[in-house]
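First the structure, in the form of C-alpha cells, and then the observations on it.
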Amino acid sequence: MQEAIVAEGLVKTFGSVRALDGVDVSVPTGTVLGLLGPNGAGKTTCVRVLTTLLKPDSGRAVVAGHDVLKNPNEVRRSIGLSGQFAAVDEYLTGRENLRMVGELYQLSGRDAKRRADELLAQFDLSEAGDRPAKTYSGGMRRRLDLAAALVVSPPVMFMDEPSTGLDPRNRMALWRVIEELVAGGTTLLLTTQYLEEADHLAHEIAVVDHGKVIARGTADQLKVKVGGERVEVVVHDAERLTDATEMLTGFGKGELGVVKLQRRITVPVTGGAKLLAEIIRELDARGIEIDDIGLRRPTLDDVFISLTGHAAESENDNADNADNDGDDEDRSEAGPQRGRGKAVKR
Ligand SMILES: Nc1ncnc2c1ncn2[C@@H]1O[C@H](COP(=O)(O)OP(=O)(O)OP(=O)(O)O)[C@@H](O)[C@H]1O
Ligand SMILES: [Mg+2]
C-alpha cells in the first residue's frame with residue numbers, strides 16, 4: 001500500500017529541549033495513525049513539521065507525495081489541518097467563518113454556503129451559526145475550528161487533539177465525522193492523549209514520549225503489551241480489604257494493586273464482563289460490601305508504566321510553550337492529575 005505520510009529520523013530542538021528526537025512515522029493511504037502521548041511529548045511539533053509550519057533540524061518527510069522541505073507549497077495544497085488551538089476569526093459568525101474558508105478554497109458562493117450549513121448542522125452549531133465566534137464557548141470554538149478544517153476534504157488531514165475540550169456528545173459526533181471522512185478515502189494523522197480515542201479511530205497507534213516513538217501497533221497489540229483489562233474494586237469497609245484482596249488474587253492474571261487509603265484494589269484480568277459478574281457474586285457471597293466496582297481498559301498511564309517502567313512525566317507541561325498563542329482551554333486539565341489516562345468504565 002502506498003504511504004500518504006512518511007517521516008524518517010525527524011529531529012527538532014528548541015534550545016536544550018529535544019522536542020523531536022528521531023521520529024519515524026508512516027501512514028498508508030486511506031488509514032488513520034493515532035499519535036498518542038502526554039503533554040510535551042512532541043505531538044504538536046511533529047504535526048507542525050509534517051504540515052510545513054516548522055522546519056526540522058534533520059530528517060525527512062514526504063506528505064501526499066511531496067517533500068515537506070523541498071516542496072512545501074505542494075504539501076500545503078494537499079493537506080488540511082486542525083491545530084491544537086482553535087484558529088477562527090472572532091469577529092465573523094460561525095457561518096461566515098466557514099463560508100470564508102470555502103471561498104478561499106475556491107468553492108462557488110453557493111457551494112460554500114451549502115457546505116457551511118452542512119458542517120454547522122454536523123457540529124451542532126446551526127443555532128449559533130449567526131453569532132460572532134467571539135461569543136462561543138471553548139467547545140463551540142473547537143467545533144467551529146474542526147468544521148473549518150473539513151470544508152474541503154483534502155487527501156491528507158492532520159488533527160491535533162481534535163476532541164480535547166469537547167463534551168462526550170460532541171466527541172462522539174466528531175468521531176462519526178472522522179469515520180465518514182476516512183471512509184471517503186482521506187488519510188488522517190491525529191494526536192490524542194486518550195488511548196480510548198486512538199483505539200476507536202486509529203488503524204495504528206504510535207506512542208510518543210520525549211520526542212521518540214516508543215511503541216507502535218494496533219490498539220490490540222498495545223493492549224496486549226500493557227496487559228489487558230483491570231477490575232477495580234473499592235471496598236466499603238477498610239477492615240475487609242485483606243479478605244477482598246485474598247479473594248481477588250484468585251481472579252487476577254498478575255500482581256494486584258492495593259491502595260489502602262482509598263480501599264481500592266486493582267486486579268489485572270482477562271475475561272471481561274463475565275468475570276466482573278463472577279467477582280460481584282463472590283464478593284456478595286462473602287458479605288464484602290463494595291462502594292464501587294468497574295472494568296477498565298488500560299489508560300495512557302498504564303501504557304506508559306508498562307512501556308517505559310515509569311509514569312508519564314510532565315515537567316514540560318508548563319502551559320507556556322512559545323507557540324501557545326492564547327487559547328488555553330486545551331491545557332486547562334493539566335493540573336497535577338493531568339486529566340489523562342481516564343478510566344473507562346463500561
Ligand atoms: N516554539 C517552541 N519553543 C520552545 N519550545 C517548544 C516550542 N514548541 C514546543 N516546544 C517544546 O517542545 C516539547 C514538545 O512540545 P509539543 O508542543 O510538541 O508537545 P505535545 O506533545 O504537543 O504536548 P501537548 O499534549 O501539551 O500539546 C515541549 O517540551 C515544548 O515545551
Ligand atoms: Mg500539542
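Here's how to read the names in the C-alpha cells: chain A, B, ... by the order shown, residue numbers from 1 in each chain, ligand numbers from 1 in the order shown.
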- [ ] Using only C-alpha atoms and all ligand atoms, find each residue with an atom at most 8 Å away from ligand 2 and format the answer as a VMD selection string.
- [x] chain A and resid 39 to 45 84 160 to 161 191
Open item on the list: Need to verify the contact set: Leu295 in chain A, 10 Å, only C-alpha atoms, exclusion of same-chain residues closer than 2 positions in sequence. Can you return it as a PyMOL selection string?
Closed with: chain A and resi 229-233+266-269+272-273+275-276+293+297-298+343-346
Within 10 Å of range 99-113 of chain A, which residues of range 117-171 of chain A come that close, and what is the closest atom pair and distance in Å for each? Count only C-alpha atoms and give it as a tab-separated table.
residue	atom	partner	partner_atom	distance
A:Asp117	CA	A:Lys113	CA	6.2
A:Glu118	CA	A:Lys113	CA	8.6
A:Leu119	CA	A:Lys113	CA	10.0
A:Ala147	CA	A:Val101	CA	10.0
A:Ala148	CA	A:Val101	CA	6.6
A:Ala149	CA	A:Val101	CA	8.5
A:Leu150	CA	A:Val101	CA	9.5
A:Val151	CA	A:Gly102	CA	6.0
A:Val152	CA	A:Gly102	CA	7.1
Give me the range 141-177 of chain A side of the contact with range 61-72 of chain A, cut-off 10 Å, one line per residue showing its nearest atom pair and distance in Å at one decimal, counting only C-alpha atoms, sorted by chain and residue number, as a Markdown table.
| residue | atom | partner | partner_atom | distance |
| --- | --- | --- | --- | --- |
| A:Pro154 | CA | A:Ala64 | CA | 9.9 |
| A:Pro155 | CA | A:Ala64 | CA | 7.5 |
| A:Val156 | CA | A:Ala64 | CA | 6.7 |
Task: Picked from range 113-317 of chain A by DSSP as alpha helix (DSSP H), as a ChimeraX atom specification - done: /A:113-122,138-149,168-183,195-201,219-226,241-249,272-285,300-308
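Shortest atom-to-atom contact with ligand 1 among A:Arg131, A:Arg95, A:His200, A:His210: A:His210, counting only C-alpha atoms and all ligand atoms.
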Open item on the list: So that I can check the surroundings of Gly217 in chain A, please list as a PyMOL selection string every protein, DNA and RNA residue that reaches within 12 Å of it, counting only C-alpha atoms and ignoring chain neighbours fewer than 3 positions away.
Closed with: chain A and resi 25-27+33-36+198-199+202-207+213-214+220-225
Open item on the list: So the first atom is CA of Ser153 in chain A and the second is CA of Thr187 in chain A; what is the distance between them in Å, to one decimal place?
Closed with: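 If I compute the distance from CA of Ser153 in chain A to CA of Thr187 in chain A, I get 10.2 Å.
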- [ ] Would you mind reading off the distance between CA of Leu50 in chain A and CA of Leu201 in chain A, one decimal, in Å?
- [x]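 We find that CA of Leu50 in chain A and CA of Leu201 in chain A lie 20.2 Å from each other.
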- [ ] Taking the DSSP assignment computed from this structure's backbone, write out as a list in words all residues of range 24-156 of chain A that belong to strand (DSSP E or B).
- [x]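 Written out, the strand (DSSP E or B) residues of range 24-156 of chain A are Asp24, Val25, Ser26, Val27, Pro28, Val32, Leu33, Gly34, Leu35, Leu36, Ser58, Gly59, Arg60, Ala61, Val62, Val63, His66, Asp67, Ile79, Gly80, Leu81, Ser82, Thr93, Pro132 and Val156 of chain A.
From CA of Phe158 in chain A back to CA of Val47 in chain A, the distance works out to 7.0 Å.
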Task: Pick from A:Ala219, A:Leu261, A:Leu189, A:Ile290, whichever lies nearest to His236 in chain A using only C-alpha atoms - done: A:Ile290
